[in-house]
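Below: model.csv (CSV, C-alpha atoms)
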```csv
chain,number,residue,atom,x,y,z
A,6,MET,CA,-9.8,31.4,17.3
A,7,SER,CA,-6.1,30.8,17.7
A,8,TYR,CA,-4.4,27.9,19.3
A,9,ILE,CA,-0.9,26.6,20.0
A,10,GLY,CA,0.4,23.3,18.4
A,11,ASN,CA,-0.2,21.3,15.3
A,12,GLN,CA,-2.8,22.3,12.8
A,13,VAL,CA,-6.0,20.4,13.5
A,14,THR,CA,-6.8,18.0,10.7
A,15,SER,CA,-9.4,15.4,10.0
A,16,VAL,CA,-8.0,11.9,9.7
A,17,PRO,CA,-9.9,9.2,7.9
A,18,PHE,CA,-10.0,5.9,9.7
A,19,THR,CA,-8.2,3.2,7.7
A,20,ALA,CA,-7.7,-0.5,8.1
A,21,ASP,CA,-5.2,-3.0,6.8
A,22,VAL,CA,-6.3,-6.6,6.0
A,23,PHE,CA,-3.9,-9.5,5.8
A,24,SER,CA,-4.2,-13.3,5.3
A,25,GLY,CA,-2.5,-15.5,7.9
A,26,ASP,CA,0.2,-17.6,6.3
A,27,GLY,CA,1.9,-19.2,9.3
A,28,GLY,CA,4.3,-16.2,9.8
A,29,SER,CA,4.3,-13.7,12.6
A,30,THR,CA,5.1,-10.5,10.6
A,31,PHE,CA,2.6,-8.7,8.4
A,32,GLY,CA,2.8,-5.4,6.4
A,33,PRO,CA,3.5,-2.9,5.3
A,34,LEU,CA,0.8,-1.0,7.0
A,35,VAL,CA,-1.0,2.0,5.5
A,36,ARG,CA,0.5,4.2,8.2
A,37,VAL,CA,3.0,3.7,11.0
A,38,PRO,CA,1.2,3.7,14.4
A,39,ALA,CA,2.6,6.0,17.0
A,40,LEU,CA,2.1,3.4,19.8
A,41,PRO,CA,0.9,-0.2,20.0
A,42,ALA,CA,-2.4,1.1,21.3
A,43,SER,CA,-2.8,3.4,18.3
A,44,ALA,CA,-4.4,0.6,16.4
A,45,ALA,CA,-6.9,-2.1,17.2
A,46,VAL,CA,-5.8,-5.5,15.9
A,47,PHE,CA,-8.1,-8.5,15.4
A,48,VAL,CA,-7.3,-12.0,14.3
A,49,SER,CA,-10.4,-14.0,13.2
A,50,GLY,CA,-12.6,-11.5,14.9
A,51,SER,CA,-10.7,-11.8,18.3
A,52,TYR,CA,-9.2,-8.6,19.7
A,53,LYS,CA,-5.5,-8.8,20.5
A,54,THR,CA,-3.8,-6.9,23.4
A,55,PRO,CA,-1.2,-4.3,22.4
A,56,GLY,CA,2.2,-5.0,23.7
A,57,VAL,CA,1.2,-8.6,24.7
A,58,ASP,CA,-0.1,-10.2,21.6
A,59,TYR,CA,1.6,-7.9,19.1
A,60,THR,CA,4.0,-5.0,18.6
A,61,PHE,CA,4.8,-2.7,15.7
A,62,SER,CA,8.2,-2.6,14.0
A,63,ASN,CA,8.0,0.5,11.8
A,64,GLU,CA,5.3,-0.3,9.2
A,65,TYR,CA,4.9,-4.0,10.2
A,66,VAL,CA,2.8,-5.7,12.9
A,67,VAL,CA,4.7,-8.5,14.7
A,68,PHE,CA,2.7,-11.1,16.5
A,69,THR,CA,4.0,-12.9,19.6
A,70,THR,CA,2.3,-16.1,18.4
A,71,PRO,CA,1.7,-16.5,14.6
A,72,PRO,CA,-2.0,-16.1,13.7
A,73,ASP,CA,-3.8,-19.1,12.2
A,74,VAL,CA,-3.6,-19.6,8.4
A,75,GLY,CA,-6.7,-18.0,6.8
A,76,THR,CA,-7.9,-15.6,4.2
A,77,ASN,CA,-8.3,-12.0,5.3
A,78,ASN,CA,-8.3,-13.1,9.0
A,79,ILE,CA,-6.0,-10.3,10.3
A,80,VAL,CA,-7.4,-6.8,10.5
A,81,VAL,CA,-5.6,-3.7,11.8
A,82,HIS,CA,-7.8,-0.7,12.4
A,83,HIS,CA,-5.8,2.6,12.7
A,84,LEU,CA,-7.2,4.8,15.5
A,85,GLY,CA,-5.1,7.9,14.9
A,86,ASN,CA,-2.9,9.8,12.6
A,87,GLY,CA,0.2,7.7,13.3
A,88,ILE,CA,3.7,9.2,13.8
A,89,MET,CA,3.9,12.8,13.0
A,90,ALA,CA,6.3,15.7,13.7
A,91,THR,CA,5.4,18.0,16.5
A,92,GLN,CA,5.6,21.7,15.6
A,93,VAL,CA,6.7,23.8,18.5
A,94,PRO,CA,5.9,27.5,18.4
A,95,GLY,CA,8.9,29.9,18.2
A,96,ASP,CA,9.8,32.3,21.0
A,97,ALA,CA,7.6,35.4,21.3
A,98,SER,CA,4.9,33.9,19.1
```

In structure tokens, how does this file's structure come out?
Amino acid sequence: MSYIGNQVTSVPFTADVFSGDGGSTFGPLVRVPALPASAAVFVSGSYKTPGVDYTFSNEYVVFTTPPDVGTNNIVVHHLGNGIMATQVPGDAS
């Protein structure tokens, strides 16, 4: 069956784990999220709201309020393939 658009691929779910150190920026991430909602971010098991509690700056997660100091207390679950180029079919294809 044919389709128009990007090749369909399977994407493994990945996660980044960081330790809070009093700072507000952590990274680099395994992949650059396309949007803030393209990842689920948890600090000490508590879900953080995208765009309110954190944003992404390229391959880094930037928190509005620095997370507590702790070992492996920041987890970023990637929910998609991240930023990718869109392939547009040519004319008469």

Can you work out which one of A:Thr30, A:Asn77, A:Thr60, A:Gln12 has the shortest atom-to-atom distance to Ala42 of chain A, counting only C-alpha atoms?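 Among A:Thr30, A:Asn77, A:Thr60, A:Gln12, it is A:Thr60 that comes nearest to Ala42 of chain A.
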
Selection near Tyr65 of chain A, 8 Å with all atoms listed in the file, sequence-local residues under 4 positions removed, as a VMD selection string: chain A and resid 30 to 34 37 61

Could you tell me which of A:Pro71, A:Ala20, A:Val80, A:Arg36 comes closest to Ser51 of chain A if we count only C-alpha atoms? A:Val80

Could you tell me how far atom CA of Pro38 of chain A lies from atom CA of Gly56 of chain A, in Å and to one decimal? 12.8 Å

Return the single residue from A:Gly28, A:Ser49, A:Val81, A:Ala44 that is closest to Thr69 of chain A, with distances computed using all atoms listed in the file. A:Gly28

Distance in Å - atom CA of Gly25 of chain A versus atom CA of Val46 of chain A: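 Those two atoms sit 13.2 Å apart.
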
One-decimal distance in Å that lies between atom CA of Ile9 of chain A and atom CA of Leu84 of chain A: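 So the answer is 23.1 Å.
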
Counting only C-alpha atoms, the residue of A:Asp26, A:Ile79, A:Asp21, A:Ser62 that sits nearest Gly50 of chain A: A:Ile79

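Using all atoms listed in the file, the shortest contact distance between Ala39 of chain A and any of A:Asn63, A:Val74, A:Phe68, A:Val57 is found at A:Asn63.
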
Could you check the closest approach to Val35 of chain A for each of A:Phe23, A:Phe47, A:Tyr52, A:Tyr59 and tell me which residue wins, using all atoms listed in the file? A:Phe23
